[in-house]
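Notes follow once the structure below has been shown.
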Amino acid sequence: MSRIEIKHITHRYQENDAVLKDVSYAIRSGEFFSLLGPSGCGKSTLLNIIGGFLNPTEGSVEVDGREILHLPSYQRNIGMVFQSYALFPHMTVFKNIAYGLSIKKAGKDEIRRRVAECLDLVQLSGLGDRMPHQLSGGQQQRVAIARALANSPSILMLDEPMGNLDAKLRKEMQVELRAIQQRTGITTIMVTHDQEEAMSMSDRIGIMQNGTVQQVGTPYEIYRTPANSFVAGFLGNVNMTHAVLADPATHTYLSSDWTDFDGQPVSIRVAPENCPLSTVGNALFMIRPERIEISLEPRPDAVAVAAESIVYVGSALQITASFGKKGRLFLDVSDPFFAVPPKVGDRFYIAWKPGDFRAIAEQEAGA
């Protein structure tokens, strides 16, 4: 288990084209850390710098307090799993896993012992004589993980490791991979653009955008208290609106983006701890779709909306609803709520608790 510190990493492929911009954060010993962000945000570049496949323009990377950028990749004690698995097609499973040990001139007994341990760890005991083409996609991925772990690395790096799997197998492998990481206790860094994957597997997540780290935190912290509008919108569905303060005594704001069927701004009451620091001008607020309450009958604190689109996903209905004159929002409604699912155009009522709305920072320009 190793602690990794990334310090002021900047990387440019061209003089004025920074792919990474002064990136700094620490990965704790033994944690599962995911780098999450859209394509082109710099997450794979950062992984390649840690792994020794790329030298940064500026900055340093330390493992347990020791600078590693001067070391070639094979001396960094890092295991790597690629999206394509990169198995040798002409070698058996045993020889694939043993490859790194053979390069290091390990003894035959040690190789047999270590390969057997790794096959058992990834639940592939008895398949050492198979060829890669005789394995399923999930089994091939487990061979790639076993090969990465065979040399007893202090760090495991995963670059979109489940990108080639179908949806069902992907979910199964998420559980298996997390279990393997917890059994070994190895410090693990995973690059992914799949929000659900990062949320379900990680101890902490680093959200990246345009070469910068927007926020680092636990899945709960990032989902419930995102640092800015980009993080809020990238990690799960979210409703956001600008609003101005109407009543300081009750912390009530009037939306600038949502207008009800009567042509009035939608009123939003916010818990004091969730209000912006400034009471001047438009503030940006967010609420998650699952935090919105639904009523079929009018009530004093509710606002009428009309269904614009309805998507049934088995456990829930995902509804896009219109406020009437201006604006729309997204709702996640548990399947049993409606005896009969609403139709497009049907009206119902929504409300929220003051603690479910919170002020959020606008994403900085260029960040």
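Labeling convention for the structure tokens: chains A, B, ... as they appear, residues from 1 per chain, ligands from 1 in order of appearance.
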### Task
Tell me which protein, DNA and RNA residues are within 7 Å of Ala361 of chain A, counting only C-alpha atoms, leaving out same-chain ones fewer than 4 positions away, and put them as a list of chain:residue names.
A:Ala227, A:Asn228, A:Ser229, A:Leu284
#### Entry: 12 Å contact set for Leu36 of chain A, only C-alpha atoms, chain neighbours under 5 positions out, as a count of residues only
40
### Message
Let's see if you can do this: from backbone DSSP, list all strand (DSSP E) residues in segment 159-263 of chain A, as number ranges by chain.
### Response
A: 159, 187-192, 204-209, 212-217, 239-247, 252-259
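Those residues of segment 180-273 of chain A that DSSP, working from the backbone, places in helix (DSSP H, G or I) are A:Ile180, A:Gln181, A:Gln182, A:Arg183, A:Thr184, A:Gln195, A:Glu196, A:Glu197, A:Ala198, A:Met199, A:Ser200, A:Met201, A:Pro219, A:Tyr220, A:Glu221, A:Ile222, A:Tyr223, A:Arg224, A:Ser229, A:Phe230, A:Val231, A:Ala232, A:Gly233, A:Phe234, A:Pro272, A:Glu273.
Between atom CA of Val19 of chain A and atom CA of Gly51 of chain A the separation is 16.9 Å.
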### Task
Determine the nearest neighbour of Ile145 of chain A from the options A:Pro161, A:Pro89, A:Gly324, A:Pro132, counting only C-alpha atoms.
A:Pro161
### Task
Could you tell me which of A:Val303, A:Leu177, A:Val115, A:Leu245 comes closest to Gln264 of chain A if we count only C-alpha atoms?
A:Val303
### Message
Between atom CA of Tyr223 of chain A and atom CA of Ile350 of chain A, what distance in Å does the model show, to one decimal?
### Response
22.0 Å
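Residue nearest Ser154 of chain A within the list A:Thr184, A:Ser267, A:Ser309, A:Asn55: A:Thr184 [criterion: smallest interatomic distance, only C-alpha atoms].
Among the candidates A:Pro72, A:Ala148, A:Gly52, A:Ala351, the one nearest to Tyr99 of chain A when counting only C-alpha atoms is A:Ala148.
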### Residue nearest Phe32 of chain A - candidates A:Leu317, A:Ile103, A:Ile180, A:Ala144, atoms counted: only C-alpha atoms
A:Ile180
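Separating atom CA of Val266 of chain A from atom CA of Leu331 of chain A is a distance of 16.5 Å.
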